[in-house]
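Source file: coords-v1.txt; contents: compact mmCIF, C-alpha atoms.
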# COMPACT_ATOMS: atom_id res chain seq x y z
CA MET F 1 11.17 18.17 26.82
CA ARG F 2 10.24 21.47 25.19
CA ALA F 3 12.74 20.85 22.35
CA ALA F 4 11.24 17.39 21.79
CA SER F 5 7.76 18.92 21.65
CA ARG F 6 8.90 21.47 19.06
CA LEU F 7 10.46 18.72 16.93
CA GLU F 8 7.26 16.70 17.20
CA LYS F 9 5.13 19.62 16.00
CA ARG F 10 7.60 20.43 13.21
CA ASN F 11 7.56 16.84 11.94
CA VAL F 12 3.77 16.71 11.96
CA ALA F 13 3.60 20.06 10.11
CA ILE F 14 5.96 18.67 7.43
CA LEU F 15 3.77 15.58 7.02
CA VAL F 16 0.59 17.69 6.82
CA ALA F 17 2.11 19.90 4.09
CA SER F 18 3.37 16.87 2.18
CA GLN F 19 -0.03 15.19 2.46
CA THR F 20 -1.71 18.29 1.01
CA LEU F 21 0.67 18.42 -1.98
CA TYR F 22 0.29 14.72 -2.76
CA MET F 23 -3.51 14.90 -2.47
CA VAL F 24 -3.59 17.72 -5.04
CA ALA F 25 -1.95 15.27 -7.46
CA THR F 26 -4.43 12.49 -6.67
CA ILE F 27 -7.54 14.68 -6.94
CA THR F 28 -6.25 16.20 -10.19
CA VAL F 29 -5.89 12.71 -11.68
CA MET F 30 -9.36 11.66 -10.47
CA THR F 31 -10.85 14.84 -11.95
CA LEU F 32 -8.96 15.17 -15.22
CA SER F 33 -7.27 11.95 -16.34
CA GLY F 34 -10.53 10.36 -17.51
CA VAL F 35 -11.25 13.40 -19.68
CA VAL F 36 -7.75 13.38 -21.16
CA GLY F 37 -7.92 9.61 -21.60
CA HIS F 38 -11.17 9.97 -23.56
CA ARG F 39 -9.46 12.37 -25.94
CA LEU F 40 -6.31 10.27 -26.41
CA THR F 41 -7.67 6.73 -26.29
CA PRO F 42 -7.79 4.54 -29.39
CA ALA F 43 -10.91 2.83 -27.98
CA ALA F 44 -13.75 4.48 -26.05
CA GLY F 45 -13.86 1.64 -23.51
CA LEU F 46 -10.33 2.50 -22.37
CA ALA F 47 -11.08 6.14 -21.51
CA THR F 48 -10.96 5.63 -17.73
CA LEU F 49 -7.93 3.32 -17.81
CA PRO F 50 -5.54 6.16 -16.82
CA VAL F 51 -7.53 6.67 -13.59
CA ALA F 52 -7.41 2.92 -12.91
CA MET F 53 -3.65 3.03 -13.51
CA LEU F 54 -3.35 5.43 -10.55
CA MET F 55 -4.80 2.75 -8.27
CA ILE F 56 -2.79 -0.03 -9.91
CA GLY F 57 0.40 1.99 -9.46
CA THR F 58 -0.47 2.48 -5.80
CA LEU F 59 -1.11 -1.24 -5.42
CA LEU F 60 2.21 -2.17 -7.04
CA ALA F 61 4.21 0.33 -4.95
CA THR F 62 2.59 -0.23 -1.56
CA LEU F 63 4.54 -3.21 -0.21
CA PRO F 64 7.90 -2.38 -1.88
CA ALA F 65 7.64 1.18 -0.52
CA SER F 66 7.11 -0.07 3.01
CA LEU F 67 9.98 -2.56 2.83
CA TYR F 68 12.26 0.05 1.23
CA MET F 69 11.56 2.54 4.01
CA LYS F 70 12.18 -0.17 6.59
CA ARG F 71 15.70 -0.37 5.18
CA VAL F 72 16.52 3.29 4.48
CA GLY F 73 14.14 5.20 6.78
CA ARG F 74 11.04 7.35 6.27
CA ARG F 75 12.71 10.58 5.12
CA ARG F 76 14.73 9.10 2.27
CA GLY F 77 11.87 6.85 1.17
CA PHE F 78 9.36 9.71 1.04
CA MET F 79 11.78 11.87 -0.94
CA VAL F 80 12.36 9.08 -3.49
CA GLY F 81 8.61 8.57 -3.82
CA ALA F 82 7.98 12.26 -4.44
CA ALA F 83 10.78 12.51 -7.00
CA LEU F 84 10.37 9.29 -9.01
CA GLY F 85 6.62 8.97 -8.62
CA GLY F 86 5.28 12.50 -8.39
CA ALA F 87 7.72 14.68 -10.33
CA LEU F 88 8.61 12.10 -12.99
CA GLY F 89 4.99 10.93 -13.29
CA GLY F 90 3.74 14.48 -13.82
CA LEU F 91 6.37 15.13 -16.49
CA VAL F 92 5.66 11.85 -18.31
CA ALA F 93 1.92 12.60 -18.29
CA PHE F 94 2.59 16.08 -19.68
CA ALA F 95 4.86 14.68 -22.42
CA ALA F 96 2.19 12.11 -23.32
CA ILE F 97 -0.43 14.83 -23.76
CA ALA F 98 1.98 16.87 -25.90
CA LEU F 99 2.71 13.79 -28.06
CA GLU F 100 -0.96 12.64 -27.97
CA HIS F 101 0.19 9.19 -26.84
CA PHE F 102 -2.43 7.31 -24.80
CA TRP F 103 -0.23 4.52 -23.45
CA LEU F 104 2.50 6.93 -22.39
CA PHE F 105 -0.20 8.87 -20.55
CA CYS F 106 -1.20 5.64 -18.78
CA LEU F 107 2.44 5.19 -17.75
CA GLY F 108 2.50 8.71 -16.29
CA ASN F 109 -0.59 7.94 -14.21
CA LEU F 110 0.94 4.63 -13.12
CA LEU F 111 3.99 6.52 -11.82
CA LEU F 112 1.70 8.96 -10.00
CA GLY F 113 0.12 5.90 -8.37
CA GLY F 114 3.61 5.02 -7.15
CA TYR F 115 3.79 8.48 -5.57
CA GLN F 116 0.56 7.71 -3.75
CA GLY F 117 1.92 4.31 -2.70
CA PHE F 118 4.73 6.05 -0.79
CA ALA F 119 2.61 8.96 0.43
CA MET F 120 0.03 6.66 2.03
CA TYR F 121 2.66 6.05 4.73
CA TYR F 122 2.65 9.68 5.85
CA ARG F 123 -0.06 8.70 8.34
CA PHE F 124 2.12 5.93 9.79
CA ALA F 125 5.10 8.28 9.94
CA ALA F 126 2.95 10.48 12.17
CA VAL F 127 2.98 7.58 14.64
CA ASP F 128 6.77 7.31 14.42
CA VAL F 129 7.41 10.98 15.24
CA THR F 130 4.93 11.50 18.10
CA ARG F 131 4.31 10.39 21.68
CA PRO F 132 1.75 7.60 22.20
CA ALA F 133 -0.81 10.00 23.71
CA PHE F 134 -0.68 12.22 20.59
CA ARG F 135 -0.61 9.55 17.88
CA SER F 136 -4.29 9.31 16.95
CA ARG F 137 -4.45 13.13 16.76
CA ALA F 138 -1.30 13.20 14.62
CA ILE F 139 -2.77 10.71 12.14
CA SER F 140 -5.92 12.83 11.99
CA LEU F 141 -3.99 16.06 11.40
CA VAL F 142 -1.97 14.50 8.57
CA LEU F 143 -5.11 13.26 6.82
CA ALA F 144 -6.69 16.69 7.38
CA GLY F 145 -4.31 17.98 4.70
CA GLY F 146 -6.90 16.62 2.29
CA VAL F 147 -9.27 19.45 3.27
CA VAL F 148 -7.07 22.02 1.55
CA ALA F 149 -6.47 19.63 -1.35
CA ALA F 150 -10.24 19.28 -1.82
CA PHE F 151 -10.20 22.85 -3.12
CA LEU F 152 -6.72 22.98 -4.69
CA GLY F 153 -7.12 19.74 -6.70
CA PRO F 154 -10.17 20.80 -8.74
CA TRP F 155 -8.74 24.31 -9.11
CA ASN F 156 -5.49 22.87 -10.46
CA ALA F 157 -7.44 20.72 -12.93
CA SER F 158 -9.35 23.72 -14.29
CA LEU F 159 -7.24 26.86 -13.82
CA THR F 160 -3.89 25.62 -15.17
CA ASN F 161 -5.12 23.61 -18.16
CA ASP F 162 -4.47 26.52 -20.57
CA TRP F 163 -0.97 27.31 -19.33
CA ILE F 164 0.51 26.03 -22.60
CA ALA F 165 -1.79 26.70 -25.53
CA THR F 166 -0.27 23.93 -27.67
CA VAL F 167 -0.72 21.33 -24.92
CA PRO F 168 -4.33 21.59 -23.69
CA ASP F 169 -4.82 20.04 -20.22
CA GLY F 170 -1.06 19.65 -19.88
CA GLY F 171 -0.61 22.46 -17.34
CA PRO F 172 -2.12 20.59 -14.36
CA TYR F 173 0.39 17.77 -14.78
CA LEU F 174 3.29 20.22 -14.87
CA MET F 175 1.88 21.65 -11.64
CA ILE F 176 1.80 18.14 -10.15
CA ALA F 177 5.49 17.73 -11.02
CA GLY F 178 6.36 21.08 -9.46
CA LEU F 179 4.39 20.39 -6.28
CA ALA F 180 6.01 16.96 -5.97
CA LEU F 181 9.46 18.59 -6.13
CA ALA F 182 8.33 21.05 -3.46
CA ALA F 183 7.16 18.11 -1.32
CA MET F 184 10.55 16.45 -1.76
CA LEU F 185 12.30 19.56 -0.45
CA ILE F 186 9.90 19.87 2.48
CA LEU F 187 10.35 16.20 3.38
CA GLY F 188 14.09 16.77 3.52
CA GLY F 189 13.43 18.49 6.85
CA LEU F 190 11.70 15.45 8.40
CA ARG F 191 13.55 14.17 11.45
CA VAL F 192 12.35 10.78 12.69
CA PRO F 193 13.58 9.96 16.23
CA ALA F 194 15.81 6.90 16.59
CA SER F 195 12.95 5.12 18.35
CA GLY F 196 10.85 5.56 15.21
CA GLU F 197 13.44 4.05 12.85
CA PRO F 198 14.14 0.32 12.50
CA ALA F 199 17.13 -0.99 14.47
CA PRO F 200 19.40 -3.52 12.70
CA GLY F 201 19.05 -7.01 14.15
CA GLU F 202 15.94 -6.15 16.18
CA PHE F 203 13.67 -9.16 16.75
CA ALA F 204 10.61 -9.33 14.50
CA ARG F 205 7.83 -11.90 14.74
CA PRO F 206 6.72 -13.80 11.63
CA MET F 207 3.76 -12.28 9.79
CA ALA F 208 1.66 -15.36 10.59
CA GLU F 209 2.05 -14.69 14.31
CA ILE F 210 1.23 -10.99 13.95
CA GLY F 211 -1.74 -11.81 11.73
CA ALA F 212 -3.12 -14.19 14.33
CA GLN F 213 -4.07 -11.22 16.52
CA ALA F 214 -7.77 -10.42 16.48
CA ARG F 215 -7.05 -6.69 16.62
CA PHE F 216 -4.91 -6.95 13.47
CA TRP F 217 -7.86 -8.42 11.57
CA VAL F 218 -10.29 -5.85 12.95
CA ALA F 219 -7.94 -3.00 11.93
CA LEU F 220 -7.35 -4.45 8.46
CA VAL F 221 -10.96 -5.41 7.67
CA ALA F 222 -12.40 -2.11 8.94
CA ALA F 223 -10.00 0.09 6.95
CA ALA F 224 -9.99 -2.08 3.81
CA THR F 225 -13.77 -2.54 3.62
CA GLY F 226 -14.46 1.13 4.30
CA TYR F 227 -11.96 2.21 1.64
CA ALA F 228 -13.23 -0.30 -0.95
CA ILE F 229 -16.87 0.72 -0.46
CA MET F 230 -15.95 4.39 -0.61
CA GLY F 231 -13.90 3.93 -3.79
CA LEU F 232 -16.55 1.85 -5.53
CA VAL F 233 -19.45 4.20 -4.78
CA MET F 234 -17.35 7.32 -5.47
CA THR F 235 -16.35 5.99 -8.90
CA ALA F 236 -19.96 5.11 -9.74
CA THR F 237 -21.36 8.49 -8.65
CA PRO F 238 -20.32 10.62 -11.67
CA LEU F 239 -21.48 7.90 -14.06
CA SER F 240 -24.87 7.67 -12.36
CA MET F 241 -25.37 11.43 -12.11
CA ARG F 242 -24.45 12.03 -15.75
CA ALA F 243 -26.82 9.25 -16.85
CA LEU F 244 -29.59 11.00 -14.91
CA GLY F 245 -28.92 14.28 -16.73
CA PHE F 246 -26.99 16.22 -14.08
CA GLU F 247 -24.48 18.79 -15.33
CA MET F 248 -20.75 18.41 -14.69
CA GLY F 249 -20.86 21.43 -12.39
CA GLN F 250 -23.37 19.64 -10.17
CA VAL F 251 -21.27 16.47 -10.23
CA ALA F 252 -18.21 18.52 -9.23
CA ILE F 253 -20.04 20.06 -6.25
CA VAL F 254 -21.14 16.64 -5.00
CA MET F 255 -17.61 15.25 -5.36
CA GLN F 256 -16.04 18.25 -3.64
CA TRP F 257 -18.35 17.84 -0.63
CA HIS F 258 -17.51 14.14 -0.64
CA VAL F 259 -13.78 14.90 -0.39
CA LEU F 260 -14.49 17.40 2.39
CA GLY F 261 -16.47 14.69 4.18
CA MET F 262 -13.45 12.40 3.84
CA PHE F 263 -10.95 14.80 5.37
CA ALA F 264 -12.64 17.59 7.35
CA PRO F 265 -13.56 15.27 10.28
CA SER F 266 -9.85 14.53 10.65
CA PHE F 267 -9.53 17.65 12.80
CA VAL F 268 -11.60 15.91 15.51
CA THR F 269 -11.41 12.17 14.77
CA GLY F 270 -8.20 11.77 16.76
CA ASP F 271 -9.74 13.55 19.76
CA LEU F 272 -12.85 11.36 19.49
CA ILE F 273 -10.68 8.23 19.46
CA ALA F 274 -8.75 9.47 22.49
CA ARG F 275 -11.98 10.21 24.36
CA PHE F 276 -14.26 7.32 23.40
CA GLY F 277 -11.83 4.63 22.25
CA VAL F 278 -11.01 3.38 18.77
CA ILE F 279 -13.55 0.52 18.79
CA ARG F 280 -16.51 2.84 19.40
CA ILE F 281 -15.34 5.13 16.59
CA LEU F 282 -15.08 2.15 14.23
CA LEU F 283 -18.65 1.14 15.09
CA VAL F 284 -19.86 4.71 14.50
CA GLY F 285 -18.05 4.64 11.13
CA THR F 286 -19.95 1.53 10.02
CA ALA F 287 -23.24 3.14 11.12
CA ILE F 288 -22.49 6.27 9.07
CA LEU F 289 -21.67 4.16 5.99
CA ALA F 290 -25.00 2.34 6.41
CA VAL F 291 -26.81 5.70 6.58
CA SER F 292 -24.99 6.76 3.42
CA SER F 293 -26.18 3.66 1.54
CA LEU F 294 -29.77 4.16 2.68
CA LEU F 295 -29.72 7.85 1.73
CA ALA F 296 -28.39 6.99 -1.75
CA ALA F 297 -31.09 4.35 -2.20
CA SER F 298 -33.87 6.69 -1.06
CA GLY F 299 -33.83 8.90 -4.18
CA THR F 300 -31.87 10.33 -7.09
CA GLY F 301 -32.23 14.06 -6.52
CA LEU F 302 -29.22 16.32 -6.13
CA VAL F 303 -29.77 16.51 -2.35
CA HIS F 304 -29.77 12.70 -2.13
CA PHE F 305 -26.44 12.46 -3.95
CA TRP F 306 -24.96 15.31 -1.91
CA ALA F 307 -26.00 13.91 1.48
CA ALA F 308 -25.08 10.32 0.63
CA LEU F 309 -21.62 11.21 -0.67
CA LEU F 310 -20.95 13.52 2.27
CA MET F 311 -21.83 10.75 4.73
CA LEU F 312 -19.82 8.26 2.67
CA GLY F 313 -16.74 10.43 3.18
CA VAL F 314 -17.29 10.80 6.94
CA GLY F 315 -17.81 7.05 7.38
CA TRP F 316 -14.59 6.36 5.45
CA ASN F 317 -12.72 8.82 7.68
CA PHE F 318 -13.77 7.09 10.91
CA LEU F 319 -12.97 3.61 9.60
CA PHE F 320 -9.67 4.54 7.96
CA ILE F 321 -8.25 6.61 10.81
CA GLY F 322 -9.63 4.17 13.38
CA GLY F 323 -8.18 1.19 11.52
CA SER F 324 -4.79 2.90 11.11
CA THR F 325 -4.70 3.76 14.81
CA LEU F 326 -5.60 0.21 15.85
CA LEU F 327 -3.06 -1.29 13.44
CA ALA F 328 -0.26 0.72 15.08
CA SER F 329 -0.87 -1.24 18.31
CA THR F 330 -0.31 -4.64 16.65
CA HIS F 331 3.39 -4.43 15.74
CA SER F 332 6.81 -3.33 16.95
CA GLU F 333 9.15 -0.95 15.12
CA ALA F 334 11.03 -3.90 13.60
CA GLU F 335 7.77 -5.33 12.27
CA ARG F 336 6.18 -2.17 10.92
CA GLY F 337 7.51 -2.48 7.34
CA LYS F 338 5.86 -5.79 6.56
CA VAL F 339 2.74 -5.18 8.67
CA GLN F 340 1.97 -1.76 7.20
CA GLY F 341 2.92 -3.01 3.74
CA VAL F 342 0.56 -6.00 3.92
CA ASN F 343 -2.18 -3.77 5.35
CA ASP F 344 -2.01 -1.26 2.51
CA LEU F 345 -1.50 -3.99 -0.10
CA VAL F 346 -4.82 -5.56 0.93
CA ILE F 347 -6.54 -2.17 1.11
CA PHE F 348 -5.51 -1.06 -2.37
CA SER F 349 -6.13 -4.50 -3.88
CA LEU F 350 -9.76 -4.12 -2.80
CA VAL F 351 -9.89 -0.45 -3.86
CA ALA F 352 -8.49 -1.25 -7.32
CA ALA F 353 -10.94 -4.13 -7.72
CA GLY F 354 -13.83 -1.93 -6.59
CA SER F 355 -12.89 0.84 -9.02
CA LEU F 356 -12.67 -1.60 -11.93
CA LEU F 357 -15.96 -3.34 -11.03
CA SER F 358 -17.87 -0.15 -10.29
CA GLY F 359 -19.13 0.51 -13.81
CA ASN F 360 -20.31 -3.06 -14.39
CA LEU F 361 -22.06 -3.23 -11.01
CA LEU F 362 -23.80 0.06 -11.74
CA ARG F 363 -25.08 -1.28 -15.08
CA GLN F 364 -26.25 -4.55 -13.58
CA LEU F 365 -27.74 -3.36 -10.28
CA GLY F 366 -28.51 0.30 -10.91
CA TRP F 367 -27.67 3.10 -8.47
CA THR F 368 -30.19 1.99 -5.84
CA GLY F 369 -29.25 -1.70 -6.04
CA LEU F 370 -25.54 -0.96 -5.91
CA ASN F 371 -25.89 1.05 -2.69
CA LEU F 372 -28.18 -1.50 -1.05
CA ALA F 373 -25.63 -4.19 -1.90
CA MET F 374 -23.06 -2.28 0.16
CA LEU F 375 -25.11 -2.89 3.30
CA GLY F 376 -24.00 -6.54 3.37
CA PRO F 377 -20.27 -5.95 3.90
CA ILE F 378 -20.99 -2.98 6.18
CA VAL F 379 -23.05 -5.19 8.52
CA LEU F 380 -20.37 -7.91 8.49
CA VAL F 381 -17.69 -5.39 9.50
CA ALA F 382 -19.92 -4.04 12.29
CA VAL F 383 -20.49 -7.59 13.60
CA LEU F 384 -16.71 -8.28 13.56
CA ILE F 385 -15.96 -5.08 15.48
CA ALA F 386 -18.75 -5.74 18.02
CA TRP F 387 -17.48 -9.33 18.51
CA PHE F 388 -13.97 -8.03 19.15
CA LYS F 389 -15.24 -5.43 21.61
CA LEU F 390 -17.23 -8.03 23.57
CA ASN F 391 -14.28 -10.45 23.69
CA GLU F 392 -11.92 -7.69 24.81
CA ALA F 393 -14.32 -6.64 27.58
CA ARG F 394 -14.70 -10.29 28.68
CA ASP F 395 -10.93 -10.93 28.73
CA ARG F 396 -10.01 -7.76 30.63
CA PRO F 397 -11.24 -8.93 34.10
CA ALA F 398 -9.32 -12.19 33.67
CA GLN F 399 -6.14 -10.28 32.81
CA LEU F 400 -6.55 -8.01 35.85
CA SER F 401 -7.15 -11.04 38.08
CA GLY F 402 -3.98 -12.68 36.78
CA GLU F 403 -1.96 -9.50 37.41
CA ARG F 404 -3.17 -9.36 41.06
CA ARG F 405 -1.98 -12.91 41.64

Rendering of file as structure tokens:
Amino acid sequence: MRAASRLEKRNVAILVASQTLYMVATITVMTLSGVVGHRLTPAAGLATLPVAMLMIGTLLATLPASLYMKRVGRRRGFMVGAALGGALGGLVAFAAIALEHFWLFCLGNLLLGGYQGFAMYYRFAAVDVTRPAFRSRAISLVLAGGVVAAFLGPWNASLTNDWIATVPDGGPYLMIAGLALAAMLILGGLRVPASGEPAPGEFARPMAEIGAQARFWVALVAAATGYAIMGLVMTATPLSMRALGFEMGQVAIVMQWHVLGMFAPSFVTGDLIARFGVIRILLVGTAILAVSSLLAASGTGLVHFWAALLMLGVGWNFLFIGGSTLLASTHSEAERGKVQGVNDLVIFSLVAAGSLLSGNLLRQLGWTGLNLAMLGPIVLVAVLIAWFKLNEARDRPAQLSGERR
């Protein structure tokens, strides 16, 4: 039992470290790729395309990554993702900057999106390597790796950009490649128990049957809506702040606190789920997102942006971790590949769409209108979760009565 506990902790530590290294890559791209794109692009309107390519790469890799790992296992899949997505993507992006080739730079960011597509399953791997009682905490600890990355990502984007004088801004992408190789080596030590790996010939229900579960829809809608709203508002924030005359240093502070809001609660979210139940945490997450929208709409001072983006991150954390935890209860090991793949495919489809629409919505609605518009989907998600909670509470006495008979 003690040996199993040590292996469990070791596996979670490997996933936390790998999460941190991958998040450094993602935050570096979000911070720097738009700036590099503006310098390399043949058309000003394409400047932020490299950042969008990160999300598109994630979208394209999500389902294939899940199905690939269903066949070969978590460890090998994660190592392939780190090598071909992270290391190769970083090197291609660096070469593109050296050659001043915009479309090659877009390809590098697309590959880095593939890295993210694989790495998004670190949180599900935490379920595979832990006991049921520890799973929500394990998911939270893995996502908490983003706290360290919230500092390392911006530092990488600024402190390593002069590494090679002839390739300005190339250094951070070389660092991404090096960190991805380090992640690959670390992931080589991951040991998923046989119970956490797919068994050949094991029965798996059709996706239509799995998708008919109310809890599957609650898990999917909560996580996907929370992520899409977070991505849309986060993308619009720098544009709005710059238009209002804020300096880049002020924008960076707001964004850093936003990332901390996304990941710092992860140290306690799992404990809160274990204590109060996942449905209550999902409802609290929708309430926090609503507060974020109202704070953003209440003014355009630095404090308003700071508080709104901080709360936006915390609300995302509760919905994403809560949704991931609830999703894990809807499928068997044999079904996890397609279920988790469909889940993340839907999530990143909405995130990619939100990121691409963000600029246009900001121009049409303004900062205040955009945030007030977010209240609609937030309320709908809250109603869905409350409906599920009431139905579950109503059905429980009937189930207990049937068991007594």

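You will find atom CA of F:Leu111 at 4.8 Å from atom CA of F:Gly85.
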
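Distance check against F:Gly322 using all atoms listed in the file: of F:Ala222, F:Leu239, F:Val12, F:Ala228, the minimum falls on F:Ala222.
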
So the first atom is atom CA of F:Arg242 and the second is atom CA of F:Gly359; what is the distance between them in Å, to one decimal place? 12.8 Å

Please measure the separation of atom CA of F:Glu333 and atom CA of F:Leu63, giving the value in Å to one decimal. 16.2 Å

Surrounding residues of stretch 363-368 of chain F excluding itself and chain neighbours under 2 positions, 9 Å, all atoms listed in the file, as a list in words: Ala236, Thr237, Ser240, Ser293, Leu294, Ala296, Ala297, Ser298, Gly299, Thr300, Ser358, Gly359, Asn360, Leu361, Leu370, Asn371, Leu372 and Ala373 of chain F

Hey, can you spit out that residue selection with C-alpha atoms as a CSV table (one decimal), in the coordinates of the input?
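Result written to out.csv:
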chain,number,residue,atom,x,y,z
F,236,ALA,CA,-20.0,5.1,-9.7
F,237,THR,CA,-21.4,8.5,-8.6
F,240,SER,CA,-24.9,7.7,-12.4
F,293,SER,CA,-26.2,3.7,1.5
F,294,LEU,CA,-29.8,4.2,2.7
F,296,ALA,CA,-28.4,7.0,-1.8
F,297,ALA,CA,-31.1,4.4,-2.2
F,298,SER,CA,-33.9,6.7,-1.1
F,299,GLY,CA,-33.8,8.9,-4.2
F,300,THR,CA,-31.9,10.3,-7.1
F,358,SER,CA,-17.9,-0.2,-10.3
F,359,GLY,CA,-19.1,0.5,-13.8
F,360,ASN,CA,-20.3,-3.1,-14.4
F,361,LEU,CA,-22.1,-3.2,-11.0
F,370,LEU,CA,-25.5,-1.0,-5.9
F,371,ASN,CA,-25.9,1.0,-2.7
F,372,LEU,CA,-28.2,-1.5,-1.0
F,373,ALA,CA,-25.6,-4.2,-1.9

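With distances restricted to all atoms listed in the file, F:Gln19 is the closest residue to F:Leu143 from F:Asn11, F:Gln19, F:Gln256, F:Thr330.
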
Closest to F:Asn317 among F:Ala144, F:Leu174, F:Ala165, F:Met374, using all atoms listed in the file? F:Ala144

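Between F:Ser266 and the candidates F:Leu319, F:Val351, F:Val251, F:Leu375, the tightest atom-to-atom separation, counting only C-alpha atoms, involves F:Leu319.
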
Distance criterion (only C-alpha atoms): nearest to F:Gly153 out of F:Ala98, F:Met120, F:Met23, F:Val35: F:Met23

All residues 8 Å or closer to F:Ile186, all atoms listed in the file, same chain fewer than 5 positions away omitted, as an MDAnalysis selection string: chainID F and resid 14 17:18
